[in-house]
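Have a look at entry_12.cif below; it lists mmCIF, C-alpha atoms.
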```cif
data_target
loop_
_atom_site.label_atom_id
_atom_site.label_comp_id
_atom_site.auth_asym_id
_atom_site.auth_seq_id
_atom_site.Cartn_x
_atom_site.Cartn_y
_atom_site.Cartn_z
CA MET A 1 0.00 0.00 0.00
CA THR A 2 1.34 3.44 -0.91
CA ASP A 3 1.18 6.35 1.51
CA ALA A 4 -1.70 7.76 -0.54
CA GLN A 5 -3.61 4.49 -0.24
CA GLU A 6 -2.98 4.39 3.50
CA THR A 7 -4.47 7.88 3.77
CA ALA A 8 -7.51 6.63 1.88
CA ALA A 9 -7.82 3.61 4.16
CA ALA A 10 -8.18 5.91 7.15
CA SER A 11 -10.97 7.96 5.57
CA SER A 12 -14.70 7.30 5.86
CA LEU A 13 -15.55 6.03 2.37
CA ARG A 14 -18.94 4.53 1.66
CA THR A 15 -20.07 2.06 -0.98
CA THR A 16 -23.48 0.74 -1.99
CA GLY A 17 -24.14 -0.73 1.44
CA GLY A 18 -23.48 2.58 3.21
CA ALA A 19 -20.80 1.40 5.62
CA PRO A 20 -17.12 2.24 5.13
CA PRO A 21 -15.06 -0.81 4.15
CA ASP A 22 -12.46 -1.90 6.66
CA ASP A 23 -9.60 -1.69 4.17
CA GLY A 24 -10.42 1.70 2.63
CA GLY A 25 -11.94 0.46 -0.60
CA THR A 26 -10.51 -2.90 -1.58
CA THR A 27 -12.46 -6.11 -1.00
CA ALA A 28 -11.28 -9.08 1.06
CA SER A 29 -9.73 -10.52 -2.11
CA GLY A 30 -7.77 -7.32 -2.69
CA ALA A 31 -9.84 -6.34 -5.73
CA PRO A 32 -11.11 -2.74 -6.01
CA THR A 33 -14.66 -2.12 -4.78
CA PRO A 34 -17.23 -0.94 -7.36
CA LEU A 35 -18.75 2.38 -6.33
CA LEU A 36 -22.33 1.94 -7.45
CA GLU A 37 -24.41 4.52 -5.60
CA PRO A 38 -23.87 7.96 -4.03
CA ARG A 39 -23.85 7.65 -0.25
CA GLU A 40 -27.02 9.77 0.14
CA GLY A 41 -28.57 8.57 -3.12
CA ILE A 42 -28.94 10.58 -6.32
CA PRO A 43 -29.78 14.20 -5.45
CA PRO A 44 -32.60 15.94 -7.35
CA VAL A 45 -31.54 18.15 -10.24
CA ILE A 46 -31.82 21.83 -9.33
CA THR A 47 -33.87 23.65 -11.97
CA ASP A 48 -35.33 26.71 -10.23
CA GLU A 49 -34.13 29.68 -8.20
CA ALA A 50 -35.83 28.61 -4.95
CA SER A 51 -34.10 25.22 -4.97
CA LEU A 52 -30.82 26.88 -5.94
CA ALA A 53 -31.11 29.20 -2.92
CA GLU A 54 -31.51 26.15 -0.69
CA VAL A 55 -28.37 24.59 -2.16
CA ILE A 56 -26.40 27.81 -1.64
CA ALA A 57 -27.49 27.91 2.01
CA ALA A 58 -26.62 24.25 2.53
CA PHE A 59 -23.15 24.64 1.01
CA ALA A 60 -22.54 27.83 2.98
CA ALA A 61 -23.21 25.82 6.16
CA GLY A 62 -20.87 23.03 5.04
CA SER A 63 -17.21 22.73 5.92
CA GLY A 64 -13.92 22.02 4.19
CA PRO A 65 -13.15 21.96 0.46
CA VAL A 66 -15.87 21.68 -2.16
CA ALA A 67 -15.67 19.12 -4.96
CA VAL A 68 -16.73 20.62 -8.30
CA ASP A 69 -17.28 19.05 -11.73
CA ALA A 70 -19.11 20.02 -14.91
CA GLU A 71 -20.49 18.03 -17.83
CA ARG A 72 -20.41 19.41 -21.36
CA ALA A 73 -21.88 18.18 -24.63
CA SER A 74 -18.69 18.10 -26.68
CA GLY A 75 -19.27 16.56 -30.07
CA TYR A 76 -23.00 17.29 -29.89
CA ARG A 77 -23.45 21.03 -29.26
CA TYR A 78 -21.65 24.17 -30.38
CA GLY A 79 -19.09 25.47 -27.92
CA GLN A 80 -18.11 24.15 -24.52
CA ARG A 81 -20.92 25.33 -22.26
CA ALA A 82 -21.82 23.40 -19.11
CA TYR A 83 -25.00 21.32 -19.13
CA LEU A 84 -24.69 19.97 -15.58
CA VAL A 85 -22.72 21.14 -12.56
CA GLN A 86 -21.98 18.75 -9.69
CA LEU A 87 -20.80 19.76 -6.23
CA ARG A 88 -20.13 18.04 -2.94
CA ARG A 89 -19.08 19.38 0.45
CA GLU A 90 -18.86 17.96 3.95
CA GLY A 91 -22.06 18.77 5.81
CA ALA A 92 -23.93 19.70 2.63
CA GLY A 93 -23.89 16.45 0.67
CA SER A 94 -24.01 16.48 -3.12
CA ALA A 95 -25.89 18.75 -5.52
CA LEU A 96 -26.67 18.51 -9.22
CA ILE A 97 -27.50 21.84 -10.88
CA ASP A 98 -28.93 22.38 -14.36
CA PRO A 99 -27.18 25.50 -15.72
CA VAL A 100 -29.62 25.66 -18.63
CA ALA A 101 -32.51 26.24 -16.22
CA CYS A 102 -30.29 28.23 -13.81
CA PRO A 103 -27.82 30.01 -16.11
CA ASP A 104 -26.50 32.45 -13.49
CA LEU A 105 -24.65 30.69 -10.68
CA SER A 106 -22.71 33.76 -9.59
CA ALA A 107 -24.40 33.76 -6.15
CA LEU A 108 -23.17 30.21 -5.60
CA GLY A 109 -19.75 31.14 -6.97
CA ASP A 110 -19.53 34.16 -4.67
CA MET A 111 -20.50 32.11 -1.64
CA LEU A 112 -17.76 29.59 -2.43
CA SER A 113 -15.16 32.20 -3.39
CA ASP A 114 -13.06 31.70 -0.24
CA VAL A 115 -13.41 27.90 -0.25
CA GLU A 116 -10.84 25.60 -1.83
CA TRP A 117 -12.33 23.95 -4.92
CA VAL A 118 -11.30 20.39 -5.77
CA LEU A 119 -11.47 19.64 -9.49
CA HIS A 120 -10.02 16.94 -11.73
CA ALA A 121 -8.31 18.45 -14.79
CA ALA A 122 -9.35 21.95 -13.72
CA THR A 123 -8.40 23.73 -16.95
CA GLN A 124 -11.01 21.71 -18.84
CA ASP A 125 -13.91 22.78 -16.62
CA LEU A 126 -12.95 26.31 -15.55
CA PRO A 127 -13.91 28.02 -18.86
CA CYS A 128 -17.48 26.68 -18.82
CA LEU A 129 -17.81 27.35 -15.09
CA ARG A 130 -16.60 30.91 -15.60
CA GLU A 131 -19.37 31.45 -18.18
CA ILE A 132 -22.03 30.79 -15.53
CA GLY A 133 -20.43 32.90 -12.81
CA MET A 134 -18.28 30.36 -10.98
CA THR A 135 -14.58 31.12 -10.59
CA PRO A 136 -12.41 29.79 -7.74
CA THR A 137 -9.74 31.77 -5.92
CA ARG A 138 -8.17 28.60 -4.52
CA LEU A 139 -8.17 25.13 -6.01
CA PHE A 140 -6.69 21.64 -5.81
CA ASP A 141 -6.41 19.80 -9.13
CA THR A 142 -6.34 16.05 -8.51
CA GLU A 143 -5.18 15.24 -12.05
CA LEU A 144 -2.25 17.66 -11.86
CA ALA A 145 -1.44 16.41 -8.36
CA GLY A 146 -1.26 12.90 -9.77
CA ARG A 147 1.13 14.03 -12.51
CA LEU A 148 3.42 15.78 -10.05
CA ALA A 149 3.36 12.75 -7.75
CA GLY A 150 4.42 10.48 -10.61
CA PHE A 151 1.27 8.40 -11.12
CA PRO A 152 1.41 6.67 -14.53
CA ARG A 153 -2.36 7.02 -15.13
CA VAL A 154 -4.10 10.21 -14.01
CA GLY A 155 -7.67 9.88 -15.31
CA LEU A 156 -10.23 10.19 -12.53
CA GLY A 157 -11.21 6.53 -12.70
CA ALA A 158 -7.61 5.35 -12.62
CA MET A 159 -6.75 7.69 -9.73
CA VAL A 160 -9.77 6.70 -7.62
CA GLU A 161 -9.00 3.03 -8.20
CA GLY A 162 -5.24 3.28 -7.70
CA VAL A 163 -5.32 5.59 -4.68
CA LEU A 164 -8.65 4.87 -2.97
CA GLY A 165 -9.40 1.34 -4.14
CA PHE A 166 -12.78 2.07 -5.72
CA VAL A 167 -13.98 1.54 -9.29
CA LEU A 168 -16.04 4.33 -10.87
CA GLU A 169 -18.44 3.48 -13.68
CA LYS A 170 -17.33 5.59 -16.67
CA GLY A 171 -19.85 4.55 -19.31
CA HIS A 172 -21.51 7.97 -19.66
CA SER A 173 -18.53 10.31 -20.03
CA ALA A 174 -19.15 11.01 -23.73
CA VAL A 175 -22.95 11.18 -23.83
CA ASP A 176 -25.00 14.19 -24.94
CA TRP A 177 -25.40 16.06 -21.65
CA SER A 178 -27.73 18.58 -23.30
CA THR A 179 -30.41 15.84 -23.26
CA ARG A 180 -33.45 16.72 -21.17
CA PRO A 181 -34.55 15.14 -18.95
CA LEU A 182 -31.25 13.54 -18.05
CA PRO A 183 -31.61 9.77 -17.55
CA GLU A 184 -31.15 8.47 -14.02
CA PRO A 185 -28.04 6.37 -14.85
CA TRP A 186 -26.35 9.51 -16.16
CA LEU A 187 -27.23 11.44 -13.00
CA ARG A 188 -25.88 8.61 -10.85
CA TYR A 189 -22.62 8.71 -12.83
CA ALA A 190 -22.43 12.49 -12.46
CA ALA A 191 -22.98 12.39 -8.70
CA LEU A 192 -20.35 9.68 -8.28
CA ASP A 193 -17.79 11.85 -10.09
CA VAL A 194 -17.67 14.20 -7.08
CA GLU A 195 -18.35 11.53 -4.43
CA LEU A 196 -14.69 10.85 -3.64
CA LEU A 197 -12.91 13.94 -5.00
CA VAL A 198 -12.19 15.40 -1.57
CA ASP A 199 -11.03 12.00 -0.28
CA LEU A 200 -8.72 11.76 -3.29
CA ARG A 201 -7.47 15.28 -2.65
CA ASP A 202 -6.60 14.43 0.97
CA ALA A 203 -4.70 11.29 -0.02
CA LEU A 204 -2.77 13.08 -2.78
CA GLU A 205 -1.89 15.97 -0.49
CA LYS A 206 -0.24 13.54 1.92
CA GLU A 207 1.58 11.81 -0.93
CA LEU A 208 2.87 15.10 -2.35
CA ASP A 209 4.01 16.15 1.12
CA ARG A 210 5.84 12.84 1.54
CA GLN A 211 7.67 13.44 -1.75
CA GLY A 212 8.52 17.03 -0.88
CA LYS A 213 6.36 18.33 -3.74
CA LEU A 214 3.40 19.84 -1.90
CA ASP A 215 4.65 23.41 -2.23
CA TRP A 216 5.31 22.80 -5.93
CA ALA A 217 1.72 21.63 -6.36
CA ARG A 218 0.36 24.65 -4.52
CA GLN A 219 2.30 26.96 -6.82
CA GLU A 220 0.80 25.17 -9.83
CA PHE A 221 -2.72 25.35 -8.42
CA ASP A 222 -2.32 29.06 -7.65
CA ALA A 223 -1.13 29.67 -11.22
CA ILE A 224 -4.26 27.98 -12.62
CA ALA A 225 -6.60 29.87 -10.30
CA SER A 226 -5.05 33.25 -11.07
CA ALA A 227 -4.65 32.77 -14.83
CA PRO A 228 -6.77 35.12 -16.97
CA PRO A 229 -9.15 33.66 -19.56
CA PRO A 230 -7.22 32.60 -22.66
CA GLU A 231 -7.15 34.93 -25.63
CA PRO A 232 -9.31 33.89 -28.61
CA ARG A 233 -7.34 31.79 -31.05
CA LYS A 234 -6.02 33.60 -34.10
CA ASP A 235 -7.02 31.92 -37.36
CA PRO A 236 -8.73 28.93 -35.68
CA TRP A 237 -9.42 27.47 -39.13
CA ARG A 238 -5.74 26.55 -39.35
CA ARG A 239 -6.36 23.84 -36.76
CA THR A 240 -8.51 21.86 -39.21
CA SER A 241 -7.44 18.23 -39.01
CA GLY A 242 -5.45 17.22 -42.09
CA MET A 243 -4.13 20.73 -42.82
CA HIS A 244 -0.65 19.32 -43.43
CA LYS A 245 -1.91 18.12 -46.83
CA VAL A 246 -2.92 21.65 -47.89
CA ARG A 247 0.04 23.56 -49.32
CA ARG A 248 -1.17 26.05 -51.95
CA ARG A 249 -2.57 29.43 -50.92
CA ARG A 250 -5.72 29.01 -53.01
CA GLN A 251 -6.41 25.73 -51.24
CA LEU A 252 -5.84 27.42 -47.89
CA GLY A 253 -8.42 29.99 -48.93
CA VAL A 254 -10.95 27.20 -49.53
CA VAL A 255 -10.29 25.73 -46.09
CA ARG A 256 -10.82 29.15 -44.52
CA GLU A 257 -14.09 29.82 -46.38
CA LEU A 258 -15.53 26.38 -45.70
CA TRP A 259 -14.47 26.48 -42.04
CA GLN A 260 -16.04 29.90 -41.48
CA THR A 261 -19.25 28.89 -43.25
CA ARG A 262 -19.45 25.71 -41.18
CA ASP A 263 -18.81 27.64 -37.96
CA GLN A 264 -21.62 30.11 -38.69
CA LEU A 265 -24.06 27.29 -39.42
CA ALA A 266 -23.01 25.29 -36.35
CA ARG A 267 -23.37 28.31 -34.09
CA ARG A 268 -26.82 29.10 -35.47
CA ARG A 269 -28.02 25.52 -35.10
CA ASP A 270 -26.21 24.94 -31.78
CA VAL A 271 -24.58 21.75 -32.97
CA SER A 272 -20.99 20.57 -33.06
CA PRO A 273 -19.24 21.83 -36.24
CA GLY A 274 -18.18 18.27 -37.04
CA LYS A 275 -21.86 17.31 -37.36
CA VAL A 276 -22.33 20.01 -40.00
CA LEU A 277 -19.30 19.11 -42.12
CA SER A 278 -16.25 17.01 -41.27
CA ASP A 279 -12.70 18.32 -41.31
CA ALA A 280 -11.85 15.56 -43.80
CA ALA A 281 -14.50 16.90 -46.21
CA ILE A 282 -13.13 20.44 -45.91
CA VAL A 283 -9.61 19.27 -46.75
CA GLU A 284 -10.92 17.10 -49.58
CA ALA A 285 -12.67 20.08 -51.18
CA ALA A 286 -9.61 22.30 -50.72
CA LEU A 287 -7.36 19.81 -52.50
CA ALA A 288 -9.83 19.21 -55.35
CA LEU A 289 -10.96 22.83 -55.90
CA PRO A 290 -14.29 21.68 -57.47
CA VAL A 291 -15.68 24.00 -60.14
CA ASN A 292 -19.36 23.15 -59.62
CA VAL A 293 -21.84 21.30 -57.43
CA HIS A 294 -21.57 18.16 -59.56
CA ALA A 295 -17.82 17.95 -59.00
CA LEU A 296 -18.26 18.71 -55.28
CA SER A 297 -20.85 15.96 -54.82
CA ALA A 298 -18.33 13.39 -56.09
CA LEU A 299 -15.95 14.10 -53.19
CA ASN A 300 -15.85 12.18 -49.93
CA GLY A 301 -18.00 13.91 -47.34
CA PHE A 302 -20.35 15.45 -49.90
CA GLY A 303 -22.17 12.29 -50.93
CA HIS A 304 -25.72 11.38 -51.83
CA ARG A 305 -27.07 12.07 -48.34
CA MET A 306 -26.36 15.78 -48.74
CA GLY A 307 -29.17 17.77 -50.31
CA ARG A 308 -28.83 20.09 -53.30
CA ARG A 309 -29.26 23.19 -51.15
CA GLN A 310 -26.46 22.12 -48.81
CA LEU A 311 -24.17 21.34 -51.72
CA GLU A 312 -24.82 24.76 -53.23
CA GLN A 313 -23.99 26.36 -49.89
CA TRP A 314 -20.60 24.63 -49.71
CA GLN A 315 -19.87 25.25 -53.40
CA ALA A 316 -20.56 28.94 -52.84
CA ALA A 317 -17.85 28.96 -50.17
CA VAL A 318 -15.44 27.27 -52.58
CA ASP A 319 -16.33 29.79 -55.29
CA ARG A 320 -15.66 32.69 -52.92
CA ALA A 321 -12.18 31.33 -52.30
CA ARG A 322 -11.59 30.78 -56.01
CA ALA A 323 -12.51 34.43 -56.66
CA LEU A 324 -10.08 35.93 -54.12
CA SER A 325 -7.18 37.95 -55.41
CA GLU A 326 -3.65 36.86 -54.58
CA SER A 327 -3.35 39.55 -51.92
CA GLN A 328 -6.50 38.27 -50.19
CA LEU A 329 -5.32 34.68 -49.92
CA PRO A 330 -3.94 33.46 -46.57
CA GLN A 331 -0.23 32.94 -46.18
CA PRO A 332 0.91 29.31 -46.01
CA GLY A 333 2.38 29.53 -42.52
CA GLN A 334 0.75 30.98 -39.44
CA GLN A 335 2.83 33.82 -38.05
CA VAL A 336 3.91 32.88 -34.55
CA ALA A 337 6.02 34.75 -32.06
CA GLY A 338 9.15 33.12 -30.80
CA PRO A 339 11.63 30.64 -32.26
CA PRO A 340 11.01 28.61 -35.44
CA PRO A 341 9.98 24.93 -35.29
CA PRO A 342 12.82 22.85 -33.81
CA ARG A 343 13.14 20.78 -37.00
CA ALA A 344 14.43 23.91 -38.76
CA TRP A 345 17.07 24.77 -36.16
CA ALA A 346 19.87 22.65 -37.59
CA ASP A 347 19.76 24.66 -40.84
CA LYS A 348 19.02 28.08 -39.37
CA ASP A 349 21.28 27.99 -36.32
CA PRO A 350 23.31 24.81 -35.66
CA ALA A 351 24.62 26.17 -32.35
CA ALA A 352 21.06 26.72 -31.11
CA ALA A 353 20.14 23.20 -32.25
CA ALA A 354 23.02 21.82 -30.18
CA ARG A 355 21.88 23.82 -27.16
CA LEU A 356 18.33 22.54 -27.54
CA SER A 357 19.46 18.93 -27.82
CA ALA A 358 21.56 19.25 -24.66
CA ALA A 359 18.78 21.07 -22.81
CA ARG A 360 16.16 18.47 -23.74
CA SER A 361 18.40 15.66 -22.53
CA ALA A 362 19.09 17.47 -19.26
CA VAL A 363 15.39 18.23 -18.63
CA SER A 364 14.44 14.64 -19.49
CA ALA A 365 16.96 13.25 -17.01
CA LEU A 366 15.80 15.64 -14.29
CA ALA A 367 12.14 14.80 -14.91
CA GLU A 368 12.92 11.11 -14.62
CA LYS A 369 14.80 11.72 -11.38
CA LEU A 370 11.87 13.71 -9.97
CA ASN A 371 9.37 11.13 -11.28
CA MET A 372 7.10 13.47 -13.24
CA PRO A 373 6.34 14.28 -16.90
CA GLN A 374 8.76 16.69 -18.57
CA GLU A 375 5.97 19.09 -19.54
CA ASN A 376 5.00 19.48 -15.87
CA LEU A 377 8.60 20.08 -14.84
CA ILE A 378 8.96 22.94 -17.34
CA ALA A 379 7.01 24.11 -20.38
CA PRO A 380 8.77 22.94 -23.57
CA ASP A 381 8.20 26.40 -25.09
CA ALA A 382 10.22 28.03 -22.29
CA VAL A 383 13.12 25.66 -22.95
CA ARG A 384 13.02 26.40 -26.69
CA ARG A 385 13.01 30.15 -26.15
CA VAL A 386 15.92 30.05 -23.72
CA CYS A 387 17.92 27.91 -26.15
CA TRP A 388 17.10 30.02 -29.22
CA GLU A 389 18.06 33.34 -27.60
CA PRO A 390 20.18 32.32 -24.61
CA PRO A 391 20.71 34.80 -21.78
CA ALA A 392 24.09 35.34 -20.17
CA ALA A 393 25.64 32.00 -19.33
CA ASP A 394 25.04 32.11 -15.58
CA ARG A 395 22.36 30.59 -13.37
CA GLU A 396 20.82 33.90 -12.32
CA ALA A 397 20.31 35.04 -15.91
CA VAL A 398 18.81 31.68 -16.92
CA ALA A 399 16.54 31.77 -13.88
CA GLY A 400 15.36 35.26 -14.81
CA ALA A 401 14.67 34.18 -18.38
CA LEU A 402 12.63 31.17 -17.25
CA ALA A 403 10.62 33.30 -14.84
CA GLY A 404 9.97 35.75 -17.67
CA TYR A 405 8.50 32.91 -19.74
CA GLY A 406 6.06 32.02 -16.95
CA ALA A 407 7.94 29.32 -15.02
CA ARG A 408 6.93 29.03 -11.39
CA PRO A 409 9.57 29.52 -8.65
CA TRP A 410 9.88 25.78 -7.97
CA GLN A 411 10.41 25.11 -11.68
CA VAL A 412 13.08 27.80 -11.88
CA GLU A 413 14.84 26.39 -8.83
CA GLN A 414 14.91 22.87 -10.27
CA VAL A 415 15.56 23.59 -13.95
CA ALA A 416 17.85 26.65 -14.02
CA PRO A 417 20.98 24.74 -12.88
CA VAL A 418 20.71 22.00 -15.52
CA LEU A 419 19.78 24.46 -18.27
CA THR A 420 22.73 26.67 -17.39
CA THR A 421 25.07 23.69 -17.82
CA ALA A 422 23.42 22.73 -21.12
CA LEU A 423 23.76 26.27 -22.48
CA THR A 424 27.39 26.68 -21.46
CA ASP A 425 28.58 23.23 -22.53
CA PRO A 426 26.09 21.73 -25.04
CA ALA A 427 28.61 19.09 -26.11
CA GLY A 428 28.67 17.73 -22.56
#
```
When written as structure tokens, how does the structure in this file appear?
Amino acid sequence: MTDAQETAAASSLRTTGGAPPDDGGTTASGAPTPLLEPREGIPPVITDEASLAEVIAAFAAGSGPVAVDAERASGYRYGQRAYLVQLRREGAGSALIDPVACPDLSALGDMLSDVEWVLHAATQDLPCLREIGMTPTRLFDTELAGRLAGFPRVGLGAMVEGVLGFVLEKGHSAVDWSTRPLPEPWLRYAALDVELLVDLRDALEKELDRQGKLDWARQEFDAIASAPPPEPRKDPWRRTSGMHKVRRRRQLGVVRELWQTRDQLARRRDVSPGKVLSDAAIVEAALALPVNVHALSALNGFGHRMGRRQLEQWQAAVDRARALSESQLPQPGQQVAGPPPPRAWADKDPAAAARLSAARSAVSALAEKLNMPQENLIAPDAVRRVCWEPPAADREAVAGALAGYGARPWQVEQVAPVLTTALTDPAG
């Protein structure tokens, strides 16, 4: 049993029968225990302001951290809005809130503003929570904690099983959460997702403390909580899957026109863009540059199931791209700040390529020693920037450069020494 599992064994965890197992989750045979039912049953879905006020009062009277989760309808609806919010807190129990019926949860968010929120993969849920008025000032991310602690699998199910000895049913993770009413099995699944989050948090905190990484984790959590909303992506159409096949500017123009047309339609219909037209179809049309609806209908993705009106709509987008002047066509490469792609370094600057190779090896060795993924030890982009335009070859200058690229103090402390050596003596 790991230290984290021992912490779990001491906690009051409940399964279907209601009583905490003697061994903290595992059965007499040592197999994980299926977690089949929330300990107080499935809570009613909150769909009106009066019920929401009762939940706010109950959670205000609770104690300790609050477990928070949100369900989206990715792949079904446009955007990443929340369609169900789940919470759990000691003394308050669990709550399921419908943010479609109660779109403003700012009163709940304000009440919980000074409480530590426990989320799994916080950066996935925070944008949709922010949209409905819920933003934490303090948080504990159990997925990130697992990464820092060196767990090989950090999905919620794997963490709950590996640390607490319980098996979560994960059959409804990719369903259409915009469905109304939500089926009872889905609600049970949603409630169970927050059932053990605080228990998992407590076990991971002890494990991180044992490894001497608890302060590192707190710095990471603070960085997530204080980060501003991300800037809108520039030229999001360039992220169309299969874009590496599209090389000519006219073809790029077709991708852009089709992507923008699809996005407008998807937004208006509130459906996932991929349900309107697939990325593969967009790329297919860009490569073929069809001259009419007949030619378009012969391409993959524009087959017999697509009506004449739809085909004309897509052909009109292709025609708009075909009519653009050379100056109106997009450039082949997206302009990005910072160093060029690493594959081009050997030709552009062999010395920088040598620095990057040495730095990557040094960071990889350090990450292995600390038992965590390289990307959590230091952002790869920060390493590339330091290697492309190296500061003065001393530890203080390297530390300052890393901090300027957003590295946290613990990352600077760990990485600056090995990067300084790599920059001063890339040949080893």
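Across the chains present, the PyMOL selection byres ((chain A and resi 129-135) around 8) applied to this file returns Ala70, Arg81, Ala82, Pro99, Pro103, Asp104, Leu105, Ser106, Ala107, Leu108, Gly109, Asp110, Ser113, Asp125, Leu126, Pro127, Cys128, Pro136 and Thr137 of chain A.
Neighbouring residues of Asp349 (chain A) at 9 Å or closer, counting only C-alpha atoms and skipping chain neighbours under 5 positions away, are Ala344, Ala354 and Trp388 of chain A.
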Checklist outcome for this item: Computed gap from CA of Arg88 (chain A) to CA of Gly157 (chain A) is 17.5 Å
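Here CA of Gln328 (chain A) and CA of Ala280 (chain A) stand 24.2 Å from one another.
CA of Arg408 (chain A) is found 15.6 Å from CA of Arg395 (chain A).
Residues matched by the PyMOL selection byres ((chain A and resi 385) around 9) in this structure: Gly338, Pro339, Pro380, Asp381, Ala382, Val383, Arg384, Val386, Cys387, Trp388, Glu389, Pro390, Ala401, Leu402 and Tyr405 of chain A.
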Take the residues just selected and output them with C-alpha atoms as an mmCIF file, in the coordinates of the input.
```cif
data_model
loop_
_atom_site.group_PDB
_atom_site.id
_atom_site.type_symbol
_atom_site.label_atom_id
_atom_site.label_comp_id
_atom_site.auth_asym_id
_atom_site.auth_seq_id
_atom_site.Cartn_x
_atom_site.Cartn_y
_atom_site.Cartn_z
ATOM 1 C CA GLY A 338 9.150 33.120 -30.800
ATOM 2 C CA PRO A 339 11.630 30.640 -32.260
ATOM 3 C CA PRO A 380 8.770 22.940 -23.570
ATOM 4 C CA ASP A 381 8.200 26.400 -25.090
ATOM 5 C CA ALA A 382 10.220 28.030 -22.290
ATOM 6 C CA VAL A 383 13.120 25.660 -22.950
ATOM 7 C CA ARG A 384 13.020 26.400 -26.690
ATOM 8 C CA VAL A 386 15.920 30.050 -23.720
ATOM 9 C CA CYS A 387 17.920 27.910 -26.150
ATOM 10 C CA TRP A 388 17.100 30.020 -29.220
ATOM 11 C CA GLU A 389 18.060 33.340 -27.600
ATOM 12 C CA PRO A 390 20.180 32.320 -24.610
ATOM 13 C CA ALA A 401 14.670 34.180 -18.380
ATOM 14 C CA LEU A 402 12.630 31.170 -17.250
ATOM 15 C CA TYR A 405 8.500 32.910 -19.740
#
```
Close residues, Ala57 (chain A) itself excluded, 12 Å, all atoms listed in the file, min 3 positions apart in chain, as an mmCIF file with C-alpha atoms, in the coordinates of the input:
```cif
data_model
loop_
_atom_site.group_PDB
_atom_site.id
_atom_site.type_symbol
_atom_site.label_atom_id
_atom_site.label_comp_id
_atom_site.auth_asym_id
_atom_site.auth_seq_id
_atom_site.Cartn_x
_atom_site.Cartn_y
_atom_site.Cartn_z
ATOM 1 C CA ALA A 50 -35.830 28.610 -4.950
ATOM 2 C CA SER A 51 -34.100 25.220 -4.970
ATOM 3 C CA LEU A 52 -30.820 26.880 -5.940
ATOM 4 C CA ALA A 53 -31.110 29.200 -2.920
ATOM 5 C CA GLU A 54 -31.510 26.150 -0.690
ATOM 6 C CA ALA A 60 -22.540 27.830 2.980
ATOM 7 C CA ALA A 61 -23.210 25.820 6.160
ATOM 8 C CA GLY A 62 -20.870 23.030 5.040
ATOM 9 C CA GLY A 91 -22.060 18.770 5.810
ATOM 10 C CA ALA A 92 -23.930 19.700 2.630
ATOM 11 C CA ALA A 95 -25.890 18.750 -5.520
ATOM 12 C CA ALA A 107 -24.400 33.760 -6.150
ATOM 13 C CA LEU A 108 -23.170 30.210 -5.600
ATOM 14 C CA MET A 111 -20.500 32.110 -1.640
ATOM 15 C CA LEU A 112 -17.760 29.590 -2.430
#
```
Next on the checklist: Given the PyMOL selection byres ((chain A and resi 415) around 10) and the file above, list the residues it selects as a VMD selection string.
Outcome noted: chain A and resid 359 362 to 363 366 to 367 377 to 378 383 395 398 to 399 402 407 409 to 414 416 to 420
Let's have the selection written as a short mmCIF file (atom, residue, chain, number, x, y, z; two decimals), in the frame of the given file, with C-alpha atoms.
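For reference, result-v9.cif as written:
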```
data_model
loop_
_atom_site.label_atom_id
_atom_site.label_comp_id
_atom_site.auth_asym_id
_atom_site.auth_seq_id
_atom_site.Cartn_x
_atom_site.Cartn_y
_atom_site.Cartn_z
CA ALA A 359 18.78 21.07 -22.81
CA ALA A 362 19.09 17.47 -19.26
CA VAL A 363 15.39 18.23 -18.63
CA LEU A 366 15.80 15.64 -14.29
CA ALA A 367 12.14 14.80 -14.91
CA LEU A 377 8.60 20.08 -14.84
CA ILE A 378 8.96 22.94 -17.34
CA VAL A 383 13.12 25.66 -22.95
CA ARG A 395 22.36 30.59 -13.37
CA VAL A 398 18.81 31.68 -16.92
CA ALA A 399 16.54 31.77 -13.88
CA LEU A 402 12.63 31.17 -17.25
CA ALA A 407 7.94 29.32 -15.02
CA PRO A 409 9.57 29.52 -8.65
CA TRP A 410 9.88 25.78 -7.97
CA GLN A 411 10.41 25.11 -11.68
CA VAL A 412 13.08 27.80 -11.88
CA GLU A 413 14.84 26.39 -8.83
CA GLN A 414 14.91 22.87 -10.27
CA ALA A 416 17.85 26.65 -14.02
CA PRO A 417 20.98 24.74 -12.88
CA VAL A 418 20.71 22.00 -15.52
CA LEU A 419 19.78 24.46 -18.27
CA THR A 420 22.73 26.67 -17.39
#
```
Report, as lines of an AutoDock Vina configuration file, the axis-aligned box around all atoms of region 302-307 of chain A present in the file, extended by 8 Å on each side; give centre and edge lengths in Å to one decimal place.
```
center_x = -24.8
center_y = 14.6
center_z = -50.1
size_x = 24.8
size_y = 22.4
size_z = 19.5
```
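Those residues that approach Arg247 (chain A) to within 10 Å, counting only C-alpha atoms, are Met243, His244, Lys245, Arg249, Arg250, Gln251, Leu252, Ala286, Leu287, Gln331, Pro332 and Gly333 of chain A; same-chain residues fewer than 2 positions away are not listed.
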